[in-house]
file run_27.tsv (TSV, C-alpha atoms and all ligand atoms)
chain	number	residue	atom	x	y	z
A	626	MET	CA	-40.73	-22.54	-152.43
A	627	ARG	CA	-42.90	-19.46	-151.91
A	628	ILE	CA	-46.60	-19.53	-150.96
A	629	ASP	CA	-48.72	-16.35	-150.95
A	630	ILE	CA	-52.03	-16.76	-149.11
A	631	ILE	CA	-54.79	-14.22	-149.75
A	632	SER	CA	-57.52	-14.06	-147.11
A	633	VAL	CA	-60.01	-11.76	-145.38
A	634	LEU	CA	-58.96	-13.37	-142.07
A	635	PRO	CA	-55.15	-13.68	-142.31
A	636	GLN	CA	-54.91	-13.66	-138.49
A	637	MET	CA	-56.49	-17.13	-138.54
A	638	LEU	CA	-53.30	-18.44	-140.14
A	639	GLU	CA	-50.64	-16.45	-138.27
A	640	GLY	CA	-50.20	-18.86	-135.35
A	641	PHE	CA	-50.28	-21.95	-137.54
A	642	LEU	CA	-47.49	-20.61	-139.76
A	643	GLN	CA	-45.14	-20.08	-136.80
A	644	GLU	CA	-45.44	-23.59	-135.41
A	645	SER	CA	-44.01	-27.04	-135.95
A	646	ILE	CA	-42.59	-28.18	-139.28
A	647	VAL	CA	-44.10	-25.29	-141.30
A	648	GLY	CA	-42.55	-22.77	-138.89
A	649	ARG	CA	-39.19	-24.55	-138.94
A	650	ALA	CA	-39.16	-24.88	-142.74
A	651	GLN	CA	-39.50	-21.11	-143.01
A	652	LYS	CA	-36.75	-20.45	-140.49
A	653	ALA	CA	-34.52	-22.88	-142.41
A	654	GLY	CA	-35.20	-20.96	-145.64
A	655	LEU	CA	-36.94	-23.92	-147.31
A	656	ALA	CA	-40.30	-22.18	-147.56
A	657	GLU	CA	-41.36	-18.55	-147.66
A	658	ILE	CA	-45.01	-18.01	-146.74
A	659	HIS	CA	-46.68	-14.60	-146.98
A	660	LEU	CA	-50.15	-13.60	-145.80
A	661	HIS	CA	-52.10	-10.88	-147.61
A	662	ASN	CA	-55.22	-9.25	-146.23
A	663	LEU	CA	-57.64	-8.92	-149.14
A	664	ARG	CA	-59.18	-5.83	-147.52
A	665	ASP	CA	-55.89	-3.97	-148.15
A	666	TYR	CA	-56.75	-4.19	-151.86
A	667	SER	CA	-60.27	-2.81	-151.56
A	668	THR	CA	-60.89	0.67	-152.95
A	669	ASN	CA	-64.06	0.91	-150.87
A	670	ARG	CA	-63.96	3.43	-147.98
A	671	TRP	CA	-65.17	0.67	-145.58
A	672	ARG	CA	-62.68	-1.84	-147.03
A	673	ARG	CA	-65.49	-4.01	-148.31
A	674	VAL	CA	-64.58	-6.93	-150.53
A	675	ASP	CA	-68.02	-8.50	-151.07
A	676	ASP	CA	-71.44	-7.54	-152.41
A	677	TYR	CA	-74.93	-8.99	-152.98
A	678	PRO	CA	-75.21	-11.54	-155.81
A	679	PHE	CA	-76.95	-10.61	-159.04
A	680	GLY	CA	-80.20	-12.58	-159.37
A	681	GLY	CA	-81.28	-12.10	-155.79
A	682	PHE	CA	-79.67	-15.27	-154.39
A	683	ALA	CA	-78.85	-15.59	-150.68
A	684	GLY	CA	-75.42	-14.76	-149.22
A	685	MET	CA	-72.62	-12.45	-150.30
A	686	VAL	CA	-70.13	-12.83	-153.14
A	687	MET	CA	-66.48	-11.77	-153.13
A	688	GLN	CA	-65.95	-9.07	-155.74
A	689	CYS	CA	-63.57	-9.17	-158.70
A	690	GLU	CA	-61.70	-5.94	-158.09
A	691	PRO	CA	-59.87	-6.51	-154.76
A	692	ILE	CA	-58.88	-10.06	-155.78
A	693	ASP	CA	-57.72	-8.90	-159.20
A	694	ARG	CA	-55.72	-6.04	-157.66
A	695	CYS	CA	-54.05	-8.34	-155.13
A	696	ILE	CA	-53.18	-11.13	-157.56
A	697	SER	CA	-51.98	-8.62	-160.19
A	698	ALA	CA	-49.72	-6.91	-157.61
A	699	LEU	CA	-48.16	-10.30	-156.75
A	700	LYS	CA	-47.77	-11.29	-160.41
A	701	GLU	CA	-45.90	-8.06	-161.08
A	702	GLN	CA	-43.23	-9.27	-158.64
A	703	ARG	CA	-42.72	-12.83	-159.92
A	704	HIS	CA	-44.13	-15.67	-162.01
A	705	TYR	CA	-46.63	-17.98	-160.28
A	706	ASP	CA	-46.90	-21.65	-161.25
A	707	GLU	CA	-50.43	-22.00	-159.86
A	708	VAL	CA	-53.14	-19.67	-158.55
A	709	ILE	CA	-55.22	-21.92	-156.30
A	710	PHE	CA	-58.73	-21.24	-155.03
A	711	THR	CA	-60.01	-23.23	-152.03
A	712	THR	CA	-63.61	-24.28	-152.58
A	713	PRO	CA	-65.80	-27.28	-151.72
A	714	ASP	CA	-66.53	-27.81	-155.43
A	715	GLY	CA	-62.83	-28.08	-156.35
A	716	GLU	CA	-60.73	-31.14	-157.11
A	717	GLN	CA	-60.30	-33.35	-154.04
A	718	PHE	CA	-56.93	-32.74	-152.32
A	719	CYS	CA	-54.77	-35.85	-151.98
A	720	GLN	CA	-51.15	-36.89	-151.40
A	721	PRO	CA	-50.14	-37.00	-155.10
A	722	MET	CA	-51.46	-33.43	-155.48
A	723	ALA	CA	-49.45	-32.32	-152.43
A	724	ASN	CA	-46.36	-33.98	-153.93
A	725	GLN	CA	-46.84	-32.15	-157.24
A	726	LEU	CA	-47.40	-28.77	-155.57
A	727	SER	CA	-44.29	-29.19	-153.41
A	728	LEU	CA	-42.17	-29.21	-156.58
A	729	LEU	CA	-43.36	-25.74	-157.64
A	730	GLU	CA	-41.49	-22.49	-157.13
A	731	ASN	CA	-44.29	-19.99	-156.41
A	732	ILE	CA	-47.97	-20.51	-155.70
A	733	ILE	CA	-50.88	-18.31	-154.63
A	734	ILE	CA	-53.70	-19.69	-152.48
A	735	LEU	CA	-56.86	-17.59	-152.48
A	736	CYS	CA	-59.14	-18.43	-149.55
A	737	GLY	CA	-62.81	-18.40	-150.43
A	738	HIS	CA	-65.48	-16.89	-148.15
A	739	TYR	CA	-69.15	-16.01	-148.06
A	740	LYS	CA	-71.20	-17.61	-150.86
A	741	GLY	CA	-68.22	-17.77	-153.19
A	742	ILE	CA	-66.26	-15.52	-155.51
A	743	ASP	CA	-67.40	-13.82	-158.68
A	744	GLN	CA	-67.24	-16.49	-161.39
A	745	ARG	CA	-65.14	-14.22	-163.62
A	746	ILE	CA	-62.22	-14.50	-161.17
A	747	ARG	CA	-62.41	-18.28	-161.42
A	748	GLU	CA	-62.38	-18.09	-165.20
A	749	HIS	CA	-59.66	-15.48	-165.66
A	750	LEU	CA	-57.23	-15.77	-162.73
A	751	ILE	CA	-57.58	-19.16	-161.01
A	752	THR	CA	-55.57	-22.07	-162.43
A	753	LYS	CA	-56.52	-24.76	-159.89
A	754	GLU	CA	-59.51	-25.25	-157.57
A	755	ILE	CA	-59.02	-27.50	-154.54
A	756	SER	CA	-61.44	-28.99	-152.01
A	757	VAL	CA	-60.10	-30.56	-148.83
A	758	GLY	CA	-63.16	-32.78	-148.40
A	759	ASP	CA	-66.86	-33.20	-148.96
A	760	TYR	CA	-68.02	-30.82	-146.25
A	761	VAL	CA	-68.43	-27.05	-146.12
A	762	LEU	CA	-66.10	-24.94	-143.98
A	763	THR	CA	-66.87	-21.36	-142.94
A	764	GLY	CA	-64.00	-20.13	-145.06
A	765	GLY	CA	-61.03	-21.32	-147.07
A	766	GLU	CA	-58.42	-20.52	-144.38
A	767	LEU	CA	-58.45	-23.98	-142.82
A	768	ALA	CA	-58.29	-25.51	-146.29
A	769	ALA	CA	-55.29	-23.27	-147.11
A	770	ALA	CA	-53.65	-24.38	-143.84
A	771	ILE	CA	-54.17	-28.06	-144.74
A	772	ILE	CA	-52.72	-27.59	-148.22
A	773	THR	CA	-49.75	-25.55	-146.93
A	774	ASP	CA	-48.97	-28.08	-144.20
A	775	ALA	CA	-49.16	-31.11	-146.51
A	776	VAL	CA	-47.02	-29.39	-149.17
A	777	VAL	CA	-44.34	-27.81	-146.95
A	778	ARG	CA	-43.67	-30.91	-144.82
A	779	ILE	CA	-42.54	-32.89	-147.89
A	780	ILE	CA	-40.07	-30.29	-149.17
A	781	PRO	CA	-36.73	-32.12	-148.85
A	782	GLY	CA	-35.13	-31.14	-145.55
A	783	ALA	CA	-38.37	-29.96	-143.88
A	784	ILE	CA	-38.63	-33.14	-141.85
A	785	GLY	CA	-35.42	-34.13	-140.07
A	786	ASP	CA	-35.78	-37.79	-140.96
A	787	GLU	CA	-36.69	-37.69	-144.66
A	788	GLN	CA	-37.45	-41.38	-144.60
A	789	SER	CA	-40.31	-40.63	-142.26
A	790	ALA	CA	-42.12	-38.41	-144.82
A	791	LEU	CA	-41.68	-41.12	-147.45
A	792	SER	CA	-43.23	-43.78	-145.20
A	793	ASP	CA	-46.33	-41.69	-144.40
A	794	SER	CA	-49.75	-43.18	-144.96
A	795	PHE	CA	-50.81	-42.54	-148.61
A	796	GLN	CA	-47.24	-41.88	-149.83
A	797	ASP	CA	-47.18	-45.36	-151.42
A	798	GLY	CA	-50.96	-45.60	-151.74
A	799	LEU	CA	-51.20	-47.61	-148.49
A	800	LEU	CA	-52.01	-46.76	-144.88
A	801	SER	CA	-49.02	-46.95	-142.50
A	802	ALA	CA	-48.21	-49.93	-140.31
A	803	PRO	CA	-48.77	-49.42	-136.55
A	804	VAL	CA	-45.80	-48.06	-134.56
A	805	TYR	CA	-44.56	-48.71	-131.00
A	806	THR	CA	-41.99	-47.14	-128.67
A	807	ARG	CA	-40.46	-47.85	-125.24
A	808	PRO	CA	-41.36	-49.52	-122.93
A	809	ALA	CA	-41.72	-52.87	-124.73
A	810	VAL	CA	-44.28	-53.96	-122.12
A	811	TYR	CA	-46.86	-51.55	-120.68
A	812	LYS	CA	-49.43	-52.60	-118.07
A	813	ASP	CA	-51.15	-55.76	-119.35
A	814	TRP	CA	-51.89	-54.22	-122.74
A	815	GLY	CA	-50.02	-56.84	-124.70
A	816	GLY	CA	-46.50	-56.62	-126.04
A	817	VAL	CA	-44.80	-55.10	-129.02
A	818	PRO	CA	-44.70	-57.61	-131.93
A	819	ASP	CA	-41.55	-59.75	-131.44
A	820	VAL	CA	-40.35	-59.03	-134.97
A	821	LEU	CA	-39.91	-55.31	-134.14
A	822	LEU	CA	-37.56	-56.21	-131.28
A	823	SER	CA	-35.63	-58.79	-133.33
A	824	GLY	CA	-33.36	-56.31	-135.11
A	825	HIS	CA	-33.85	-58.38	-138.30
A	826	GLU	CA	-34.25	-55.67	-140.93
A	827	ALA	CA	-35.69	-57.81	-143.76
A	828	ASN	CA	-38.28	-59.42	-141.47
A	829	ILE	CA	-39.25	-56.02	-140.08
A	830	LYS	CA	-39.72	-54.62	-143.62
A	831	ALA	CA	-41.86	-57.65	-144.58
A	832	TRP	CA	-43.96	-57.23	-141.40
A	833	GLU	CA	-44.43	-53.52	-142.12
A	834	LEU	CA	-45.68	-54.19	-145.65
A	835	GLU	CA	-47.98	-56.99	-144.51
A	836	GLN	CA	-49.47	-54.72	-141.81
A	837	ALA	CA	-49.87	-51.83	-144.27
A	838	LEU	CA	-51.70	-54.08	-146.74
A	839	GLU	CA	-53.91	-55.61	-144.05
A	840	ARG	CA	-54.88	-52.20	-142.61
A	841	THR	CA	-55.53	-50.72	-146.05
A	842	LYS	CA	-57.70	-53.71	-147.04
A	843	ARG	CA	-59.68	-53.43	-143.81
A	844	LEU	CA	-59.97	-49.63	-143.38
A	845	ARG	CA	-59.62	-48.15	-146.89
A	846	PRO	CA	-60.29	-50.83	-149.53
A	847	ASP	CA	-60.96	-48.02	-152.04
A	848	LEU	CA	-57.22	-47.20	-152.02
A	849	LEU	CA	-56.34	-50.70	-153.26
A	850	LYS	CA	-58.79	-50.41	-156.18
A	851	LYS	CA	-56.96	-47.27	-157.34
B	1	LIG	N1	-64.18	-23.73	-148.30
B	1	LIG	C1	-65.27	-24.16	-147.66
B	1	LIG	N2	-65.32	-25.49	-147.60
B	1	LIG	C2	-64.20	-25.94	-148.25
B	1	LIG	C3	-63.69	-27.24	-148.53
B	1	LIG	N3	-64.31	-28.34	-148.16
B	1	LIG	N4	-62.52	-27.31	-149.19
B	1	LIG	C4	-61.88	-26.18	-149.60
B	1	LIG	N5	-62.33	-24.95	-149.36
B	1	LIG	C5	-63.48	-24.82	-148.68
call {"tool": "encode", "arguments": {"input": "run_27.tsv", "output": "structure tokens"}}
result
Amino acid sequence: MRIDIISVLPQMLEGFLQESIVGRAQKAGLAEIHLHNLRDYSTNRWRRVDDYPFGGFAGMVMQCEPIDRCISALKEQRHYDEVIFTTPDGEQFCQPMANQLSLLENIIILCGHYKGIDQRIREHLITKEISVGDYVLTGGELAAAIITDAVVRIIPGAIGDEQSALSDSFQDGLLSAPVYTRPAVYKDWGGVPDVLLSGHEANIKAWELEQALERTKRLRPDLLKK
């Protein structure tokens, strides 16, 4: 899978892309992630990519031309399945959306900034608008990082133990059961549930499901209604 991220602050994402599962997935050839500095596509002598909004509103708006030039240059190289724009008024990001995106071949993620982007870009070039939550970030870079992380980690092979990605919270619509590791007894904090030490696979599976249901009912009842 290939992800092209367009941003005015690509350096914000450089470190993140080198680390952990996303970094390893790239080294293993499972994901190819490219950063593009939007300013490289400006024809302005000061590399400007924004301007004042018509109508006298507050804030700055990202202009059509640099974004159009950048996306067009990418589209000349290959077909893109989705051109995503990160914005607080987009569709709420969730696990099923990450699963769907992870099946695609090539996607572009355009990081929003300032007051927004010229509406004509949204109408002519963007195919999907995603919000990572009901709060406003300074820019779309962190949202792009969240989307990239959630999508890349579920590409088959990205996580060593594939079972572990499948048992994530939300993957089956439930929160995960609690987990424990050695030592079985620590201070006087109470022990690991006996069933986990029993080696009885069916009982452990039943315990895990019961815990997942109990935690979901208590912490996220909205998930059960879905
Ligand atoms: N840009 C600013 N806030 C955002 C959000 N909540 N989701 C996606 N992009 C954003």
call {"tool": "residues_near_point", "arguments": {"input": "run_27.tsv", "point": "(-39.8, -27.8, -153.5)", "cutoff": "6 Å", "atoms": "all atoms listed in the file", "output": "VMD selection string"}}
result
chain A and resid 626 727 to 729 780
call {"tool": "residues_near_ligand", "arguments": {"input": "run_27.tsv", "ligand": "ligand LIG 1 (chain B)", "cutoff": "8 Å", "atoms": "all atoms listed in the file", "output": "NGL selection string"}}
result
:A and (710-715 or 736-738 or 755-769)
call {"tool": "residues_around", "arguments": {"input": "run_27.tsv", "residues": "range 655-672 of chain A", "least_positions_apart": "4", "cutoff": "8 Å", "atoms": "all atoms listed in the file", "output": "VMD selection string"}}
result
chain A and resid 626 to 635 642 647 650 to 651 690 to 692 694 to 695 777 780 782 to 783
call {"tool": "closest_residue", "arguments": {"input": "run_27.tsv", "among": "A:Val817, A:Leu750, A:Ile779, A:Ala723", "to": "Pro803 in chain A", "atoms": "all atoms listed in the file"}}
result
A:Val817
call {"tool": "atom_distance", "arguments": {"input": "run_27.tsv", "atom1": "CA of Phe718 in chain A", "atom2": "CA of Ala775 in chain A"}}
result
9.8 Å
call {"tool": "closest_residue", "arguments": {"input": "run_27.tsv", "among": "A:Ile734, A:Leu849, A:Ile751, A:Met637", "to": "Cys689 in chain A", "atoms": "only C-alpha atoms"}}
result
A:Ile751
call {"tool": "closest_residue", "arguments": {"input": "run_27.tsv", "among": "A:Arg778, A:Arg807, A:Arg703, A:Lys740", "to": "Gly648 in chain A", "atoms": "all atoms listed in the file"}}
result
A:Arg778
call {"tool": "residues_around", "arguments": {"input": "run_27.tsv", "residues": "Gln688 in chain A", "least_positions_apart": "6", "cutoff": "10 Å", "atoms": "all atoms listed in the file", "output": "CSV table (one decimal) with C-alpha atoms, in the frame of the given file"}}
result
chain,number,residue,atom,x,y,z
A,667,SER,CA,-60.3,-2.8,-151.6
A,673,ARG,CA,-65.5,-4.0,-148.3
A,674,VAL,CA,-64.6,-6.9,-150.5
A,675,ASP,CA,-68.0,-8.5,-151.1
A,676,ASP,CA,-71.4,-7.5,-152.4
A,677,TYR,CA,-74.9,-9.0,-153.0
A,678,PRO,CA,-75.2,-11.5,-155.8
A,741,GLY,CA,-68.2,-17.8,-153.2
A,742,ILE,CA,-66.3,-15.5,-155.5
A,743,ASP,CA,-67.4,-13.8,-158.7
A,744,GLN,CA,-67.2,-16.5,-161.4
A,745,ARG,CA,-65.1,-14.2,-163.6
A,746,ILE,CA,-62.2,-14.5,-161.2
call {"tool": "atom_distance", "arguments": {"input": "run_27.tsv", "atom1": "CA of Ala831 in chain A", "atom2": "CA of Ala802 in chain A"}}
result
10.9 Å
call {"tool": "closest_residue", "arguments": {"input": "run_27.tsv", "among": "A:Ala809, A:Met687, A:Ala770, A:Ile784", "to": "Glu639 in chain A", "atoms": "all atoms listed in the file"}}
result
A:Ala770
call {"tool": "atom_distance", "arguments": {"input": "run_27.tsv", "atom1": "CA of Thr773 in chain A", "atom2": "CA of Thr752 in chain A"}}
result
16.9 Å
call {"tool": "closest_residue", "arguments": {"input": "run_27.tsv", "among": "A:Glu716, A:Asp774, A:Ile733, A:Asn724", "to": "Ile696 in chain A", "atoms": "all atoms listed in the file"}}
result
A:Ile733
call {"tool": "closest_residue", "arguments": {"input": "run_27.tsv", "among": "A:Pro781, A:Leu699, A:Cys719, A:Tyr739", "to": "Leu848 in chain A", "atoms": "all atoms listed in the file"}}
result
A:Cys719
call {"tool": "residues_around", "arguments": {"input": "run_27.tsv", "residues": "Lys851 in chain A", "least_positions_apart": "4", "cutoff": "10 Å", "atoms": "all atoms listed in the file", "output": "list in words"}}
result
Gly798, Pro846 and Asp847 of chain A
call {"tool": "residues_around", "arguments": {"input": "run_27.tsv", "residues": "Lys753 in chain A", "least_positions_apart": "5", "cutoff": "7 Å", "atoms": "only C-alpha atoms", "output": "ChimeraX atom specification"}}
result
/A:707-710
call {"tool": "residues_near_point", "arguments": {"input": "run_27.tsv", "point": "(-42.7, -49.2, -126.1)", "cutoff": "12 Å", "atoms": "only C-alpha atoms", "output": "number ranges by chain"}}
result
A: 804-812, 814-819, 821-822
call {"tool": "decode", "arguments": {"input": "run_27.tsv", "residues": "range 832-851 of chain A", "atoms": "N, CA, C and O atoms", "output": "mmCIF file, in the first residue's frame"}}
result
data_model
loop_
_atom_site.group_PDB
_atom_site.id
_atom_site.type_symbol
_atom_site.label_atom_id
_atom_site.label_comp_id
_atom_site.auth_asym_id
_atom_site.auth_seq_id
_atom_site.Cartn_x
_atom_site.Cartn_y
_atom_site.Cartn_z
ATOM 1 N N TRP A 832 -13.720 -16.583 29.306
ATOM 2 C CA TRP A 832 -13.415 -15.493 30.255
ATOM 3 C C TRP A 832 -13.146 -14.189 29.501
ATOM 4 O O TRP A 832 -13.638 -13.117 29.869
ATOM 5 N N GLU A 833 -12.373 -14.313 28.415
ATOM 6 C CA GLU A 833 -12.004 -13.124 27.627
ATOM 7 C C GLU A 833 -13.259 -12.437 27.066
ATOM 8 O O GLU A 833 -13.405 -11.212 27.156
ATOM 9 N N LEU A 834 -14.176 -13.239 26.535
ATOM 10 C CA LEU A 834 -15.401 -12.686 25.962
ATOM 11 C C LEU A 834 -16.270 -12.040 27.048
ATOM 12 O O LEU A 834 -16.800 -10.934 26.866
ATOM 13 N N GLU A 835 -16.369 -12.733 28.167
ATOM 14 C CA GLU A 835 -17.179 -12.217 29.287
ATOM 15 C C GLU A 835 -16.623 -10.874 29.770
ATOM 16 O O GLU A 835 -17.361 -9.916 29.997
ATOM 17 N N GLN A 836 -15.295 -10.792 29.889
ATOM 18 C CA GLN A 836 -14.642 -9.546 30.320
ATOM 19 C C GLN A 836 -14.856 -8.433 29.293
ATOM 20 O O GLN A 836 -15.113 -7.284 29.646
ATOM 21 N N ALA A 837 -14.726 -8.800 28.011
ATOM 22 C CA ALA A 837 -14.888 -7.806 26.937
ATOM 23 C C ALA A 837 -16.306 -7.240 26.972
ATOM 24 O O ALA A 837 -16.506 -6.024 26.853
ATOM 25 N N LEU A 838 -17.283 -8.126 27.144
ATOM 26 C CA LEU A 838 -18.685 -7.677 27.194
ATOM 27 C C LEU A 838 -18.936 -6.808 28.417
ATOM 28 O O LEU A 838 -19.569 -5.753 28.329
ATOM 29 N N GLU A 839 -18.405 -7.227 29.560
ATOM 30 C CA GLU A 839 -18.621 -6.475 30.805
ATOM 31 C C GLU A 839 -18.006 -5.081 30.688
ATOM 32 O O GLU A 839 -18.628 -4.076 31.032
ATOM 33 N N ARG A 840 -16.770 -5.010 30.184
ATOM 34 C CA ARG A 840 -16.088 -3.710 30.068
ATOM 35 C C ARG A 840 -16.806 -2.810 29.056
ATOM 36 O O ARG A 840 -16.931 -1.611 29.261
ATOM 37 N N THR A 841 -17.258 -3.396 27.962
ATOM 38 C CA THR A 841 -17.938 -2.592 26.940
ATOM 39 C C THR A 841 -19.252 -2.034 27.498
ATOM 40 O O THR A 841 -19.577 -0.863 27.305
ATOM 41 N N LYS A 842 -19.990 -2.910 28.226
ATOM 42 C CA LYS A 842 -21.269 -2.488 28.814
ATOM 43 C C LYS A 842 -21.033 -1.333 29.800
ATOM 44 O O LYS A 842 -21.788 -0.378 29.852
ATOM 45 N N ARG A 843 -19.957 -1.444 30.571
ATOM 46 C CA ARG A 843 -19.692 -0.455 31.624
ATOM 47 C C ARG A 843 -19.099 0.835 31.057
ATOM 48 O O ARG A 843 -19.495 1.931 31.436
ATOM 49 N N LEU A 844 -18.125 0.703 30.129
ATOM 50 C CA LEU A 844 -17.357 1.884 29.688
ATOM 51 C C LEU A 844 -17.864 2.504 28.385
ATOM 52 O O LEU A 844 -17.743 3.705 28.194
ATOM 53 N N ARG A 845 -18.380 1.662 27.473
ATOM 54 C CA ARG A 845 -18.822 2.167 26.165
ATOM 55 C C ARG A 845 -20.135 1.513 25.742
ATOM 56 O O ARG A 845 -20.187 0.825 24.712
ATOM 57 N N PRO A 846 -21.219 1.744 26.526
ATOM 58 C CA PRO A 846 -22.491 1.084 26.170
ATOM 59 C C PRO A 846 -22.963 1.433 24.760
ATOM 60 O O PRO A 846 -23.674 0.659 24.135
ATOM 61 N N ASP A 847 -22.518 2.599 24.246
ATOM 62 C CA ASP A 847 -22.929 3.004 22.889
ATOM 63 C C ASP A 847 -22.467 1.993 21.841
ATOM 64 O O ASP A 847 -23.127 1.816 20.817
ATOM 65 N N LEU A 848 -21.350 1.306 22.089
ATOM 66 C CA LEU A 848 -20.843 0.333 21.114
ATOM 67 C C LEU A 848 -21.790 -0.866 20.995
ATOM 68 O O LEU A 848 -21.939 -1.443 19.917
ATOM 69 N N LEU A 849 -22.421 -1.243 22.103
ATOM 70 C CA LEU A 849 -23.325 -2.402 22.080
ATOM 71 C C LEU A 849 -24.606 -2.073 21.321
ATOM 72 O O LEU A 849 -25.175 -2.918 20.644
ATOM 73 N N LYS A 850 -25.034 -0.796 21.390
ATOM 74 C CA LYS A 850 -26.261 -0.397 20.676
ATOM 75 C C LYS A 850 -26.049 -0.484 19.167
ATOM 76 O O LYS A 850 -26.967 -0.765 18.418
ATOM 77 N N LYS A 851 -24.790 -0.235 18.723
ATOM 78 C CA LYS A 851 -24.501 -0.286 17.286
ATOM 79 C C LYS A 851 -24.634 -1.716 16.803
ATOM 80 O O LYS A 851 -24.745 -2.023 15.673
#
